[in-house]
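Visitor: Can you read through this structure? Questions will come right after.
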Amino acid sequence: MDVTESLFRALTLLGLGMTFVFLFLGLLMIAVNLMAKYIPADEPAVKRSVVPRKQPSTVSSESEINPKLIAAISSAVQQYRKTEAA
Amino acid sequence: MDVTESLFRALTLLGLGMTFVFLFLGLLMIAVNLMAKYIPADEPAVKRSVVPRKQPSTVSSESEINPKLIAAISSAVQQYRKTEAA
Amino acid sequence: MDVTESLFRALTLLGLGMTFVFLFLGLLMIAVNLMAKYIPADEPAVKRSVVPRKQPSTVSSESEINPKLIAAISSAVQQYRKTEAA
Amino acid sequence: MDGLTKLWMDTGIANFGLPDLVMIAVGCLLLYLAIARKFEPLLLLPIGFGAILANIPNAGFNDEGGMLYYVYHVGIETGVFPLIIFMGVGALTDFGALIANPKVLFLGAAAQFGIFATLFGAILLNLIPGFEFSLQDASAIAIIGGADGPTAIFLASKLAPDLLGAIAVAAYSYMALVPIIQPPIMRALTTQEEREIKMEQLRPVSKKEKIIFPLAVLLLTILFLPAATPLVGMFCLGNLMRESGVVERLSSTAQNELINIVTIFLGLGVGSKLSADKFLNIETLGILALGAIAFSIGTASGVIMAKIMGRFSKSPINPLIGAAGVSAVPMAARVANKVGLEANPHNFLLMHAMGPNVAGVLGSAVAAGVLLALVG
Amino acid sequence: MDGLTKLWMDTGIANFGLPDLVMIAVGCLLLYLAIARKFEPLLLLPIGFGAILANIPNAGFNDEGGMLYYVYHVGIETGVFPLIIFMGVGALTDFGALIANPKVLFLGAAAQFGIFATLFGAILLNLIPGFEFSLQDASAIAIIGGADGPTAIFLASKLAPDLLGAIAVAAYSYMALVPIIQPPIMRALTTQEEREIKMEQLRPVSKKEKIIFPLAVLLLTILFLPAATPLVGMFCLGNLMRESGVVERLSSTAQNELINIVTIFLGLGVGSKLSADKFLNIETLGILALGAIAFSIGTASGVIMAKIMGRFSKSPINPLIGAAGVSAVPMAARVANKVGLEANPHNFLLMHAMGPNVAGVLGSAVAAGVLLALVG
Amino acid sequence: MDGLTKLWMDTGIANFGLPDLVMIAVGCLLLYLAIARKFEPLLLLPIGFGAILANIPNAGFNDEGGMLYYVYHVGIETGVFPLIIFMGVGALTDFGALIANPKVLFLGAAAQFGIFATLFGAILLNLIPGFEFSLQDASAIAIIGGADGPTAIFLASKLAPDLLGAIAVAAYSYMALVPIIQPPIMRALTTQEEREIKMEQLRPVSKKEKIIFPLAVLLLTILFLPAATPLVGMFCLGNLMRESGVVERLSSTAQNELINIVTIFLGLGVGSKLSADKFLNIETLGILALGAIAFSIGTASGVIMAKIMGRFSKSPINPLIGAAGVSAVPMAARVANKVGLEANPHNFLLMHAMGPNVAGVLGSAVAAGVLLALVG
Ligand code: NA
Ligand code: NA
Ligand code: NA
């Protein structure tokens with residue numbers, strides 16, 4: 001396969017590839033818009049999705065602290081507060 | 001192998017299987033009873049086996065909190081209590 | 001291979017082996033001494049290497065408590081102290 | 001526009017057959033049950049996802065070199081994944097309630113009647129055209145009545161790999177349905193007075209007893225049923241790691257990271273067996289029906305055994321705890337507790353039901369060993 | 001003194017060729033970049049170490065029976081390691097920002113132009129003597145522009161295993177260099193006013209939307225691009241485990257222990273491909289050059305697309321977030337935020353840039369699927 | 001009653017030979033030592049359990065398709081498991097005390113005399129009928145004197161796989177017995193005054209030194225002893241992950257989950273080699289005797305070297321810390337500390353003994369490399 005032919009195939013790939021990528025992500029956009037339209041928002045009581053969750057990352061999650069840990073600590077501190085108050 | 005023959009084999013399996021299961025677990029019962037008779041109870045000071053341990057579960061152990069964690073917290077709180085008292 | 005020949009080979013191994021081990025670790029000693037000479041000490045502010053780190057062990061690290069845990073607890077207790085003070 | 005044609009020829013749209021679509025729908029149903037209905041999500045979510053992936057035309061997940069191909073052949077065909085899971089389950093299991101009241105072992109034994117009785121059902125189904133269950137197939141199906149996932153997957157991978165997908169799905173689905181399947185049977189077989197029976201408090205169990213227990217179980221298995229040693233052995237290893245108190249590191253890893261990692265891949269591997277040609281046939285319906293029968297018979301046998309034992313026992317026995325003998329740990333024990341509380345709001349049966357519950361795990365491992373030895 | 005001769009003949013000193021030494025220096029350079037410069041240390045540290053080990057004469061790490069031999073053939077040649085990593089990345093990814101503002105998917109699409117444009121570069125390099133890139137090679141090199149490690153490794157292991165080492169090193173190095181490569185391009189293509197544009201606050205996204213999102217992505221992939229399902233499927237499985245909320249155990253393991261274990265061995269395995277005969281040639285220089293071009297073109301396309309969309313959009317769009325479309329999660333989003341803050345110290349773009357950032361991950365997985373389908 | 005016969009014919013009772021029973025008793029003894037006596041329980045518990053499983057008649061754990069068969073061939077025959085453990089040990093090791101006082105490297109070197117001296121013992125045993133140790137066997141046995149489990153298992157798996165079980169059991173047992181074996185030797189070779197010697201406080205060590213140290217070790221191994229690079233390389237990788245500070249995630253996983261998972265299976269795999277035909281012979285007794293000799297000679301050489309060095313050193317050296325040169329980390333260092341405290345209750349030698357202790361790990365890895373190069 002000589003360079004010209006290769007370049008032609010690359011051109012095809014470029015055209016098909018970008019079309020496909022845009023088509024795919026465009027359809028996904030439509031799907032997300034449909035979801036937004038038809039799926040009701042969470043009850044405000046839950047509030048889970050509003051709370052800023054940790055940022056997605058393949059690298060930086062070292063510093064995350066277990067939420068169970070935090071729950072445990074706050075309950076421990078609260079319990080202590082009770083004993084203190086009593 | 002026709003159905004009658006299969007059924008006969010199933011009957012054998014039923015008989016042997018249930019006998020075996022009862023025999024096996026029955027012997028285990030005897031073994032446990034012997035243990036109860038000959039193994040002395042833990043010192044009351046240890047108290048480990050009295051404390052309600054977490055229930056065995058293949059699924060629900062998500063909510064378990066590390067005992068080391070609890071120990072750490074209580075020691076932290078106790079230490080804090082000391083500094084508070086001082 | 002008869003025993004005498006084997007013993008002779010063992011003698012060779014002993015000689016070569018101990019020489020090699022001493023040579024290797026001796027060169028390593030020289031390397032470490034060179035490091036000590038040419039690598040500046042850590043800033044005192046960092047203090048990381050002075051703090052007694054947990055002892056190296058393949059077995060005893062069961063009892064180690066996560067430093068993040070401790071950090072979390074102390075921050076929780078500090079925060080509590082603040083609320084208490086307020 | 002050669003490339004466009006090729007891309008188009010590769011698309012799912014151009015290649016989907018109806019069977020693939022149905023199987024993907026089955027996968028989605030499993031995801032729905034796992035996520036929305038919380039049906040044993042730890043297994044059914046990866047199984048459902050695996051089922052979807054395995055049925056995508058041209059994706060090649062199940063072909064040599066595909067992800068699920070490796071997962072299945074390395075982990076499930078060898079039996080290694082269910083055994084590792086079983087080790088983790090052993091490390092998660094506390095036999096205290098059983099050791100304190102060892103009579104309940106008979107409840108765990110009686111509930112295995114569901115397994116062996118189902119053999120007849122599977123064989124009789126062969127009278128209907130379309131069903132062709134060998135004795136191996138029948139045994140692998142019957143083990144659904146053991147209400148124990150790893151045991152069912154292990155036995156099915158040895159005796160009837162083609163049915164593995166359907167059997168695993170049935171086993172986990174019915175385990176999730178225990179709160180629906182069991183109560184009517186329990187109520188039908190017991191009177192209000194029986195359900196109100198209060199049981200004596202359990203004695204404390206010493207650390208030594210708990211350490212020796214898994215070794216005693218292993219010893220009995222070695223002596224009487226070597227065919228069950230892979231399952232029972234790994235289970236006892238897990239339990240010994242837990243109770244010995246000297247290898248906390250290993251026990252904790254077996255209960256958490258290791259079981260989690262293997263669960264993800266076990267689920268995917270099981271899901272990979274949910275392919276159209278193996279799942280979309282009348283036999284699957286038969287397996288689902290037989291599984292329900294097995295669960296029901298097991299529940300009934302447990303309750304009846306508890307009633308019989310109650311007659312002869314000095315200490316009172318609430319027959320509801322017999323239903324926990326099918327295992328489905330800890331769901332069945334919770335169901336016994338709940339039905340008991342309906343009868344008497346002050347009667348907590350949970351700890352009493354844990355005994356037969358964990359006895360049922362051993363019982364079905366023994367039953368699996370018998371089937372492996374005689375049918376495998 | 002036969003033994004002494006043998007020991008001496010075995011030593012590195014007696015056997016080193018210049019190429020081995022250079023490759024070990026390359027490994028040390030990677031370690032330096034990882035440790036002192038914090039260039040993607042999670043990957044570059046094990047890659048660098050693997051490169052050193054692989055090039056020790058007589059150590060046999062890459063020979064049959066050697067540690068790295070097993071790691072490479074079991075984990076990378078099969079594609080299993082990058083897929084497990086991608087599952088973990090899925091479990092670490094929050095699509096909230098993308099779901100709240102789905103238009104940004106076009107930014108993630110536009111940035112893939114860097115990939116396809118680089119194909120030409122790779123082919124044109126063949127005009128220079130010494131370069132002989134096949135179309136497979138060109139595709140594997142071009143995917144560096146996707147700025148996504150597991151995708152690049154997966155594609156390279158399928159299309160051009162001999163170039164895998166150089167491609168992975170280029171991909172991770174340029175991801176680490178994103179804060180240096182991108183800002184000049186971003187500034188050159190935007191005016192001060194454009195960089196100051198404030199964007200509207202994102203709406204809250206419901207739990208259900210987040211659960212359905214990975215399933216929708218999977219569905220589209222199944223329908224239109226089965227070749228991308230290994231990558232996209234495992235990614236969506238991870239994300240579904242995260243968002244479903246019913247398998248926290250599995251999600252947490254996928255995000256932590258499992259991804260960590262696999263990362264160590266993936267790095268070592270990639271490093272094992274950095275052997276002198278495959279790395280020390282002019283093609284590696286070409287790959288490095290092409291990678292930089294791919295990143296730059298991708299960045300530029302993202303920014304330009306954002307400018308175009310800004311013209312037609314009702315809500316304002318800061319063109320800087322287009323640069324995040326190359327992925328390199330989360331570095332590129334942080335860079336967009338930083339450059340935005342330089343223009344207007346009160347303008348926080350981070351959350352807005354996360355949308356195109358994660359869209360870029362999907363975009364490059366789709367691009368990889370197209371390349372696999374048409375070139376593989 | 002065909003089935004009954006079959007079941008009976010399968011039972012352990014009907015099939016046990018005396019050798020199986022003895023080996024199961026050996027497994028139980030190992031469990032007892034691990035649980036009741038806390039002898040290196042992390043390894044001896046799974047080894048003991050594996051020994052029991054491997055010797056059950058008709059259970060087939062060691063046959064092709066059995067659990068232990070896979071564990072052994074995948075993890076131990078390939079050398080992968082001990083190398084991963086060694087990486088974890090590297091990540092758990094702090095070389096601070098060694099870097100602060102590098103002279104102690106000679107103590108770690110001297111203690112390896114135990115290894116090489118034991119070679120003679122193993123060869124001389126061949127004069128007794130029943131013993132037939134090849135030079136490979138002798139080398140694998142001698143490495144017990146290195147007091148380092150992964151190194152012993154790695155070398156034995158390469159040089160004398162048939163002796164692997166006995167060698168590993170001896171190595172871990174004697175490591176557990178260090179507090180019993182070493183003190184008499186240490187007391188016999190030192191005077192009260194020598195044991196009272198106080199050593200100077202160690203200087204603080206910088207972060208950079210700790211990072212460069214593993215790389216320096218690796219470099220020397222590459223230059224002089226490529227045969228040792230598998231062991232030393234993985235060890236240094238673990239240590240570099242620990243000290244570099246940029247890959248905490250990976251370092252923590254290597255120190256915890258990964259090492260735990262591999263330890264379970266390494267133990268089971270080693271236990272699987274404790275089969276009657278390979279263990280129940282006079283050679284095993286020889287191995288146990290030689291192991292004790294190796295430990296004792298190693299301890300003595302370390303102490304004597306420390307006495308010699310004390311003569312010529314400016315700063316005082318307590319000869320007790322020489323005994324820690326055999327490694328057995330951290331037990332031997334603790335023993336040195338304890339014996340020192342007996343002589344002078346205010347003299348804490350622990351940190352000083354950690355230096356030779358970790359030097360011994362390197363020393364025995366180098367010795368293993370020499371044996372691999374010359375005998376393998
Ligand atoms: Na059961
Ligand atoms: Na991308
Ligand atoms: Na040593």
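For the structure tokens, the naming scheme is as follows: chains receive sequential letters (A, B, ...) according to their order of presentation, residues are indexed from 1 within each chain, and ligands are indexed from 1 in presentation order.
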Ligand 3: which residues are within 6 Å, counting only C-alpha atoms and all ligand atoms, as a list in words?
Guide: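 Checking only C-alpha atoms and all ligand atoms against ligand 3 at 6 Å gives Gly146, Ala147, Asp148, Val326, Ser327, Gly360, Val361, Gly363 and Ser364 of chain F.
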Visitor: Quick one: residues within 10 Å of range 299-304 of chain D, only C-alpha atoms, excluding same-chain residues fewer than 6 positions away - as an MDAnalysis selection string?
Guide: chainID D and resid 104 106:114 145 178 181:183 185:190 293 310 318:327 332 356 360
Visitor: Considering only C-alpha atoms, return as a PyMOL selection string whatever protein or nucleic-acid residues lie within 12 Å of Leu23 in chain B, sequence-local ones (same chain, fewer than 3 positions apart) excluded.
Guide: (chain B and resi 15-20+26-30) or (chain D and resi 105-106+109-110+220-221+224-225+363+366-367)
Visitor: Report the distance between CA of Arg334 in chain D and CA of Ile261 in chain D in Å, rounded to one decimal place.
Guide: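 Between CA of Arg334 in chain D and CA of Ile261 in chain D the gap works out to 27.0 Å.
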Visitor: May I ask you to extract the residues of chain F within 7 Å of chain C, using only C-alpha atoms, and to give them as a ChimeraX atom specification?
Guide: /F:89,92-94,99,102-103,105-106,109,113,116-117,119-120,123,204-207,209,217,329-330,363,366-367,370
Visitor: Pull the helix (DSSP H, G or I) assignments for range 101-304 of chain F out of DSSP run on the backbone, and list those residues as JSON, numbers by chain.
Guide: {"F": [102, 103, 104, 105, 106, 107, 108, 109, 110, 113, 114, 115, 116, 117, 118, 119, 120, 121, 122, 123, 124, 125, 135, 136, 137, 138, 139, 140, 141, 142, 143, 144, 145, 146, 149, 150, 151, 152, 153, 154, 155, 156, 157, 158, 159, 161, 162, 163, 164, 165, 166, 167, 168, 169, 170, 171, 172, 173, 174, 175, 176, 177, 178, 179, 180, 181, 182, 183, 184, 185, 186, 187, 188, 189, 192, 193, 194, 195, 196, 207, 208, 209, 210, 211, 212, 213, 214, 215, 216, 217, 218, 219, 220, 221, 222, 223, 224, 226, 227, 228, 229, 230, 231, 232, 233, 234, 235, 236, 237, 238, 239, 240, 241, 242, 243, 244, 248, 249, 250, 251, 252, 253, 254, 255, 257, 258, 259, 260, 261, 262, 263, 264, 265, 266, 267, 268, 269, 270, 271, 272, 276, 277, 278, 279, 282, 283, 284, 285, 286, 287, 288, 289, 290, 291, 292, 293, 294, 295, 296, 297, 298, 299, 300, 301, 302, 303, 304]}
